[in-house]
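Comments concern the structure below.
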Amino acid sequence: MGMSSNMIRLCGVLFVSAVLATAAARSVPVSTAALDPATSGAARLSGWGPLPHEPPVGGTIADPFRPPDVPYGPGNRGIEWNTVVGGRARASQTGTVSFAGTVAGQRWVTIRHSTRLRTSVGPLATIAIAAGDQVDQGDLIGTTGPLTHFSARLEGDYIDPNLLFGEMQVVVRLVDG
């Protein structure tokens with residue numbers, strides 16, 4: 001039995017659907033402009049840059065992504081890991097360092113991976129790169145303190161950084177009728 005055109009379309013947009021379904025289930029604010037329906041297939045995700053990313057640090061998660069219910073409300077707009085002081089913080093993926101410096105007395109690094117996606121890591125004990133540097137996935141960007149935060153922004157909106165790491169398991173149930 002051959003595949004129907006509906007099944008073929010389903011396969012073509014499964015990843016995009018998985019991202020949207022995961023975002024909806026977690027109340028992740030995903031920019032609709034980032035998933036432009038005027039484009040098709042993988043082109044919809046081209047603005048994300050290279051995938052997958054790798055976590056920038058090792059350690060146990062101290063605080064998972066918890067999007068706020070309202071702008072500027074309480075929550076966690078990234079992932080925080082318990083890290084070893086002086087451990088290595090690495091670039092999660094290839095990109096250009098757009099910021100490497102101090103914010104409110106803490107050291108932070110932001111990497112632009114594409115025109116749409118950027119990630120930030122901090123607070124760091126030391127910074128090993130400078131704004132304008134090109135980095136590859138796994139390059140040393142600095143050393144960690146006791147907690148390290150990692151956030152991702154897609155067209156300015158915070159997204160769950162877990163969406164960038166590896167494959168997601170997706171369960172699809174087709175209903176006849």
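Residue numbers start at 1 in each chain; chains themselves are named A, B, ... in the order of the structure tokens; ligands are numbered from 1 in the order shown.
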Output as JSON lines one row per residue of stretch 45-96 of chain A within 10 Å of stretch 151-166 of chain A: the closest atom pair and its distance in Å to one decimal place, counting only C-alpha atoms, sorted by chain and residue number ascending.
```
{"residue": "A:Gly47", "atom": "CA", "partner": "A:Leu154", "partner_atom": "CA", "distance": 8.8}
{"residue": "A:Trp48", "atom": "CA", "partner": "A:Leu154", "partner_atom": "CA", "distance": 7.5}
{"residue": "A:Pro50", "atom": "CA", "partner": "A:Leu164", "partner_atom": "CA", "distance": 9.4}
{"residue": "A:Leu51", "atom": "CA", "partner": "A:Leu164", "partner_atom": "CA", "distance": 6.6}
{"residue": "A:Pro52", "atom": "CA", "partner": "A:Gly166", "partner_atom": "CA", "distance": 5.1}
{"residue": "A:His53", "atom": "CA", "partner": "A:Phe165", "partner_atom": "CA", "distance": 5.0}
{"residue": "A:Glu54", "atom": "CA", "partner": "A:Phe165", "partner_atom": "CA", "distance": 5.8}
{"residue": "A:Pro55", "atom": "CA", "partner": "A:Phe165", "partner_atom": "CA", "distance": 7.3}
{"residue": "A:Pro64", "atom": "CA", "partner": "A:Asp160", "partner_atom": "CA", "distance": 9.0}
{"residue": "A:Phe65", "atom": "CA", "partner": "A:Asp160", "partner_atom": "CA", "distance": 6.0}
{"residue": "A:Arg66", "atom": "CA", "partner": "A:Asp160", "partner_atom": "CA", "distance": 8.3}
{"residue": "A:Pro67", "atom": "CA", "partner": "A:Tyr158", "partner_atom": "CA", "distance": 8.1}
{"residue": "A:Asn76", "atom": "CA", "partner": "A:Ser151", "partner_atom": "CA", "distance": 9.1}
{"residue": "A:Arg77", "atom": "CA", "partner": "A:Tyr158", "partner_atom": "CA", "distance": 6.2}
{"residue": "A:Gly78", "atom": "CA", "partner": "A:Ser151", "partner_atom": "CA", "distance": 4.1}
{"residue": "A:Ile79", "atom": "CA", "partner": "A:Ser151", "partner_atom": "CA", "distance": 6.5}
{"residue": "A:Glu80", "atom": "CA", "partner": "A:Ser151", "partner_atom": "CA", "distance": 8.9}
{"residue": "A:Ser92", "atom": "CA", "partner": "A:Phe165", "partner_atom": "CA", "distance": 9.1}
{"residue": "A:Gln93", "atom": "CA", "partner": "A:Leu164", "partner_atom": "CA", "distance": 9.7}
```
Output N, CA and C atoms for every residue in the selection just made, as an mmCIF file, in the first residue's frame.
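This is the output file part.cif:
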```cif
data_model
loop_
_atom_site.group_PDB
_atom_site.id
_atom_site.type_symbol
_atom_site.label_atom_id
_atom_site.label_comp_id
_atom_site.auth_asym_id
_atom_site.auth_seq_id
_atom_site.Cartn_x
_atom_site.Cartn_y
_atom_site.Cartn_z
ATOM 1 N N GLY A 47 16.600 29.248 9.672
ATOM 2 C CA GLY A 47 17.032 30.367 10.486
ATOM 3 C C GLY A 47 17.573 29.972 11.846
ATOM 4 N N TRP A 48 17.394 28.715 12.237
ATOM 5 C CA TRP A 48 17.901 28.257 13.524
ATOM 6 C C TRP A 48 19.406 28.067 13.480
ATOM 7 N N PRO A 50 22.931 25.766 12.529
ATOM 8 C CA PRO A 50 23.260 24.344 12.626
ATOM 9 C C PRO A 50 22.604 23.689 13.842
ATOM 10 N N LEU A 51 22.092 22.490 13.638
ATOM 11 C CA LEU A 51 21.519 21.695 14.726
ATOM 12 C C LEU A 51 22.148 20.323 14.678
ATOM 13 N N PRO A 52 22.260 19.553 15.739
ATOM 14 C CA PRO A 52 21.870 19.949 17.087
ATOM 15 C C PRO A 52 22.980 20.693 17.816
ATOM 16 N N HIS A 53 22.596 21.351 18.881
ATOM 17 C CA HIS A 53 23.544 21.977 19.793
ATOM 18 C C HIS A 53 23.920 20.954 20.853
ATOM 19 N N GLU A 54 24.981 21.244 21.587
ATOM 20 C CA GLU A 54 25.374 20.435 22.742
ATOM 21 C C GLU A 54 25.308 21.313 23.974
ATOM 22 N N PRO A 55 24.946 20.734 25.127
ATOM 23 C CA PRO A 55 24.968 21.551 26.353
ATOM 24 C C PRO A 55 26.360 22.166 26.536
ATOM 25 N N PRO A 64 15.288 23.779 35.709
ATOM 26 C CA PRO A 64 14.944 23.625 34.297
ATOM 27 C C PRO A 64 14.284 24.876 33.723
ATOM 28 N N PHE A 65 14.061 24.865 32.432
ATOM 29 C CA PHE A 65 13.361 25.945 31.753
ATOM 30 C C PHE A 65 11.943 26.037 32.297
ATOM 31 N N ARG A 66 11.569 27.219 32.765
ATOM 32 C CA ARG A 66 10.217 27.490 33.274
ATOM 33 C C ARG A 66 9.791 28.841 32.728
ATOM 34 N N PRO A 67 9.094 28.865 31.593
ATOM 35 C CA PRO A 67 8.730 30.152 31.005
ATOM 36 C C PRO A 67 7.758 30.912 31.896
ATOM 37 N N ASN A 76 12.162 30.788 34.759
ATOM 38 C CA ASN A 76 13.553 30.607 34.369
ATOM 39 C C ASN A 76 13.573 30.532 32.848
ATOM 40 N N ARG A 77 14.192 31.495 32.221
ATOM 41 C CA ARG A 77 14.188 31.606 30.765
ATOM 42 C C ARG A 77 15.315 30.809 30.119
ATOM 43 N N GLY A 78 15.827 29.840 30.831
ATOM 44 C CA GLY A 78 16.886 28.973 30.320
ATOM 45 C C GLY A 78 16.999 27.745 31.199
ATOM 46 N N ILE A 79 18.182 27.172 31.226
ATOM 47 C CA ILE A 79 18.490 26.001 32.064
ATOM 48 C C ILE A 79 19.679 26.386 32.934
ATOM 49 N N GLU A 80 19.618 26.034 34.219
ATOM 50 C CA GLU A 80 20.776 26.232 35.097
ATOM 51 C C GLU A 80 21.312 24.879 35.515
ATOM 52 N N SER A 92 27.939 25.941 22.378
ATOM 53 C CA SER A 92 26.973 24.871 22.127
ATOM 54 C C SER A 92 26.909 24.507 20.652
ATOM 55 N N GLN A 93 27.299 25.457 19.782
ATOM 56 C CA GLN A 93 27.282 25.236 18.337
ATOM 57 C C GLN A 93 28.094 26.342 17.673
#
```
DSSP strand (DSSP E) residues within stretch 74-133 of chain A, listed as an NGL selection string: :A and (79-82 or 88-90 or 95-103 or 106-112 or 117-127)
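Relative to atom CA of A:His113, atom CA of A:Gly49 is found at 5.6 Å.
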Can you tell me, as a PDB file with C-alpha atoms, in the first residue's frame, what residues are no more than 7 Å from A:Val109 when counting only C-alpha atoms, ignoring any on the same chain fewer than 5 positions away?
```
ATOM      1  CA  PHE A  99      28.918  39.771  23.393  1.00  0.00           C
ATOM      2  CA  ALA A 100      31.603  38.740  25.876  1.00  0.00           C
ATOM      3  CA  GLY A 101      31.687  40.893  28.965  1.00  0.00           C
ATOM      4  CA  SER A 120      23.902  33.040  26.190  1.00  0.00           C
ATOM      5  CA  VAL A 121      25.999  31.395  28.912  1.00  0.00           C
ATOM      6  CA  GLY A 122      26.828  32.790  32.344  1.00  0.00           C
TER       7      GLY A 122
END
```
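Of the residues under consideration (A:Val70, A:Val97, A:Ala62, A:Ile141), A:Ile141 shows the shortest atom-to-atom contact distance to A:Leu124 when counting only C-alpha atoms.
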Name all residues at most 6 Å from A:Gly95 (count only C-alpha atoms; drop same-chain ones fewer than 4 positions away) and give them as number ranges by chain. A: 111-113, 134-135
For C-alpha atoms, I'd like the residues from the last selection saved as a PDB file, in the first residue's frame.
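The resulting file, part12.pdb, is reproduced below:
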```pdb
ATOM      1  CA  ILE A 111      26.815  33.675  20.539  1.00  0.00           C
ATOM      2  CA  ARG A 112      24.787  34.393  17.406  1.00  0.00           C
ATOM      3  CA  HIS A 113      24.296  31.104  15.558  1.00  0.00           C
ATOM      4  CA  GLN A 134      34.166  32.866  15.392  1.00  0.00           C
ATOM      5  CA  VAL A 135      33.610  29.721  17.467  1.00  0.00           C
TER       6      VAL A 135
END
```
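The space separating atom CA of A:Gly59 from atom CA of A:Thr148 comes to 9.4 Å.
For the choices A:Asn82, A:Asp136, A:Ile61, A:Arg116, the atom-to-atom distance to A:Thr96 is smallest for A:Asp136 when using only C-alpha atoms.
Excluding stretch 84-90 of chain A itself and same-chain residues fewer than 2 positions from it, the residues having an atom within 7 Å of it are Pro56, Val57, Ser92, Ala125, Gly138, Asp139, Leu140, Ile141, Gly142, Thr143, Thr144, Gly145 and Pro146 of chain A, counting only C-alpha atoms.
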Which one is closest to A:Ser114: A:Trp81, A:Thr94, A:Thr102, A:Ile129? Count only C-alpha atoms. A:Thr94
Kindly give the distance, in Å, that separates atom CA of A:Thr60 and atom CA of A:Thr83, rounded to a single decimal. 7.6 Å
